[in-house]
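To start, the structure under review is shown below, and the notes come after it.
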Amino acid sequence: MKVRSPNAIINESHILAEYKYTSNEVVVEDNVLKIKNNATHYTFKTSTKVPKLGVLLVGLGGNNGTTFVGGLLANKLNLTWNTKKGEQRPNFYGSITQSSTTKIGVTGSKEIYVPLKDVLPLVDPCDIVVSGWDISKMNLGDAMRRAQVFDVDLQDKLYPYMKEIVPLPSVFYPDYIARNQADRADNVLEGTSKSEHLETVREQIRVFKESNGLDKVIVLWTANTERFSQEIRGVNDTKENLLKAVGTNDGEVSQSTIYAIASILEGCSFINGSPQNTFVGGVLELAAEKNVFIVGNDFKTGQTKFKTMLVDFLVSAGIKPRSIVSYNHLGNNDGKNLSSESQFKSKELSKKSCVDDILSSNEILYPNPEDTNIDHQIVIKYVPSAGDTKKAMDEYISDIFMGGKHTLALYNVCEDSLLAPPIILDLIILTELFERIEYRTQDSSDFKRFDPILSTLGYLMKAPQTSSDAPLINSLIRQKNGIENLFKVCAGLSIEDNLLLEYRAK
């Protein structure tokens, strides 16, 4: 897309875009809301040099890892395969960077939409180099067959390529994942020294980058859900204490935290796709010091995505949700791991907290903070015969006009590991894009990067990690608009406010 805008200058290396950001500052005095209009002038600089990108997945041999790699290969090689419905072709459905569009303007009475990927230069998914770690040494061809996600004909066509990929030995602390995973653990780093494990992972990252001639590496956790770490003052609350705790093999330093530390120390962005508290205080402080991006937590694929959208609709319509009961069962290895209570508790927390800010936004429906503690229950059952096909049932009961009750029940059947890879892809591509965006304000002459905690990508996460001074946003529409609007202002385009004044105020 070629943009001709007085707000943008495009040269061989950068897009420079000017943007006037307006906001309302609210002060409460004697129960009166006083509004101050603020305006800040931003200059965004986006590098147009798309790097050669490598990705290291923790959990490469799992359902998500094998499906992600297989999907990239099928698209890169343009493989076709047959099912009972005929010939199938590869696609990137489910990815907002590859398969969604955004409105950029109007022509006459027609609104013009373009692919989001055409607004700013992005990494081509088929150019991404992938490797990673797994506690199982099974090659990805056999791991793909074990996962039983792809149709058999596609498995057969991918197998010659997938069997050549073997995961690196992984950090493995049995206390953090369910005991029922022990039979897979035949590919783990030797010894018990967490300091040695940290240095080994750092070396593995460096070797991967150098041997493949990469410009950048991103590390992403798509392995099993861990139990929560205890956040203890003097152990993992600061970067100094955390690094000391690694040196003393403290039991509250998880394997995912080891990967996060290693990634940050190597200058590589780290993405946490599971619900555990990988980002303890020490990790947050380290990321801020090194100015390295971190993104969390827990891929938002199906049930939770519907929940944040539906509760946002109900509350904004003036309808008062009273209870939400969410049940799902699945039969893949994720479900097996979550059948353990401590791992389930990690998942339960991320699934239950996703509507809190939406409820608290409406003080007419919920005048007291404690009123937002609605009856919200989460049930997850492991049913092996279900395989990767997850069944989710949700019941929403709400108060409506004049004491009435409204019940909405949903039944959602999805292929769990076919929903996650497009989200993994978006997280990787968008995180890399953020590494090429800098900004300055009217009060500064120096460009700098966004905050290391990339809360803008909360659209893709069940429990978005945010800075302590930033509002938590779970509204799916607001999250998506935030991503699209950033694309537009960096390209010199006007953001969409849906006023349509050119038609409604002639």
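The way I read the labels, and the way they are meant: chains A, B, ... in the order of the structure tokens, residue 1 as the first residue of every chain, and ligand 1 as the first ligand shown, with later ones counted on from there.
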Report as a tab-separated table the residues of region 425-470 of chain A within 12 Å of region 479-498 of chain A, each with its shortest atom pair and distance in Å (one decimal), using only C-alpha atoms, ordered by chain and increasing residue number.
residue	atom	partner	partner_atom	distance
A:Asp426	CA	A:Ile483	CA	11.3
A:Leu427	CA	A:Ile483	CA	11.7
A:Leu430	CA	A:Ile483	CA	9.2
A:Thr431	CA	A:Ile483	CA	11.5
A:Leu433	CA	A:Phe487	CA	9.9
A:Phe434	CA	A:Leu486	CA	10.2
A:Arg436	CA	A:Cys490	CA	11.0
A:Ile437	CA	A:Cys490	CA	8.2
A:Glu438	CA	A:Cys490	CA	9.6
A:Tyr439	CA	A:Cys490	CA	9.5
A:Phe450	CA	A:Leu486	CA	11.7
A:Leu454	CA	A:Ile483	CA	11.2
A:Ser455	CA	A:Gln479	CA	9.3
A:Thr456	CA	A:Ile483	CA	6.5
A:Leu457	CA	A:Ile483	CA	7.3
A:Gly458	CA	A:Gln479	CA	6.4
A:Tyr459	CA	A:Gln479	CA	4.9
A:Leu460	CA	A:Gln479	CA	8.7
A:Met461	CA	A:Gln479	CA	10.1
A:Lys462	CA	A:Gln479	CA	11.6
A:Pro464	CA	A:Gln479	CA	10.2
Checklist line | Surrounding residues of Ser468 (chain A) excluding itself and chain neighbours under 4 positions, 12 Å, only C-alpha atoms, as number ranges by chain | finding: A: 281, 284-285, 451, 453, 455, 472
Would you write out those residues with C-alpha atoms, as a PDB file, in the first residue's frame?
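The file below, out00.pdb, is the result:
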ATOM      1  CA  GLY A 281       8.966  -9.053  39.828  1.00  0.00           C
ATOM      2  CA  LEU A 284       9.869  -7.465  35.001  1.00  0.00           C
ATOM      3  CA  GLU A 285      12.747  -5.446  36.433  1.00  0.00           C
ATOM      4  CA  ASP A 451       7.313   0.099  27.356  1.00  0.00           C
ATOM      5  CA  ILE A 453       5.636  -4.889  28.709  1.00  0.00           C
ATOM      6  CA  SER A 455       0.216  -4.787  26.764  1.00  0.00           C
ATOM      7  CA  LEU A 472      -5.908  -3.478  32.302  1.00  0.00           C
TER       8      LEU A 472
END
Note to self: Can you tell me which residues surround Gly335 (chain A) at a distance of at most 9 Å, considering only C-alpha atoms, apart from same-chain residues fewer than 5 positions away, and format the answer as a ChimeraX atom specification?
What the structure shows: /A:329-330,380-384
Please produce a file of the residues just selected, as a PDB file, in the first residue's frame, where the atoms kept are N, CA and C atoms.
ATOM      1  N   HIS A 329     -14.215 -29.674  28.013  1.00  0.00           N
ATOM      2  CA  HIS A 329     -13.428 -30.905  28.120  1.00  0.00           C
ATOM      3  C   HIS A 329     -12.666 -31.135  26.823  1.00  0.00           C
ATOM      4  N   LEU A 330     -11.500 -31.719  26.965  1.00  0.00           N
ATOM      5  CA  LEU A 330     -10.624 -31.980  25.821  1.00  0.00           C
ATOM      6  C   LEU A 330      -9.747 -33.178  26.137  1.00  0.00           C
ATOM      7  N   ILE A 380     -12.708 -27.685  33.911  1.00  0.00           N
ATOM      8  CA  ILE A 380     -11.977 -28.293  32.791  1.00  0.00           C
ATOM      9  C   ILE A 380     -11.815 -29.774  33.082  1.00  0.00           C
ATOM     10  N   LYS A 381     -12.226 -30.610  32.169  1.00  0.00           N
ATOM     11  CA  LYS A 381     -12.124 -32.058  32.342  1.00  0.00           C
ATOM     12  C   LYS A 381     -11.290 -32.670  31.209  1.00  0.00           C
ATOM     13  N   TYR A 382     -10.488 -33.661  31.594  1.00  0.00           N
ATOM     14  CA  TYR A 382      -9.677 -34.392  30.617  1.00  0.00           C
ATOM     15  C   TYR A 382     -10.444 -35.627  30.172  1.00  0.00           C
ATOM     16  N   VAL A 383     -10.770 -35.659  28.881  1.00  0.00           N
ATOM     17  CA  VAL A 383     -11.504 -36.780  28.296  1.00  0.00           C
ATOM     18  C   VAL A 383     -10.690 -37.270  27.101  1.00  0.00           C
ATOM     19  N   PRO A 384      -9.857 -38.289  27.276  1.00  0.00           N
ATOM     20  CA  PRO A 384      -8.925 -38.704  26.216  1.00  0.00           C
ATOM     21  C   PRO A 384      -9.575 -38.955  24.863  1.00  0.00           C
TER      22      PRO A 384
END
Next item on the list: Name all residues at most 9 Å from Lys36 (chain A) (count only C-alpha atoms; drop same-chain ones fewer than 5 positions away) and give them as a PyMOL selection string.
Entry: chain A and resi 23-27
Margin query: If we count only C-alpha atoms and set the cut-off at 8 Å, which residues sit around Asp399 (chain A), ignoring sequence neighbours fewer than 6 positions away in its own chain? Please answer as an MDAnalysis selection string.
Written below: chainID A and resid 319:322 405:406
Item checked: Sel. of strand (DSSP E or B) residues, region 314-411 of chain A, as a PyMOL selection string -> chain A and resi 320-330+375-382+389-400+404-411
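Closest approach to Ser316 (chain A) among A:Leu338, A:Asn333, A:Ser47, A:Ile358: A:Ile358, based on only C-alpha atoms.
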Next item on the list: Figure out the distance between CA of Ala463 (chain A) and CA of Gln303 (chain A), please, to one decimal in Å.
Entry: 13.3 Å
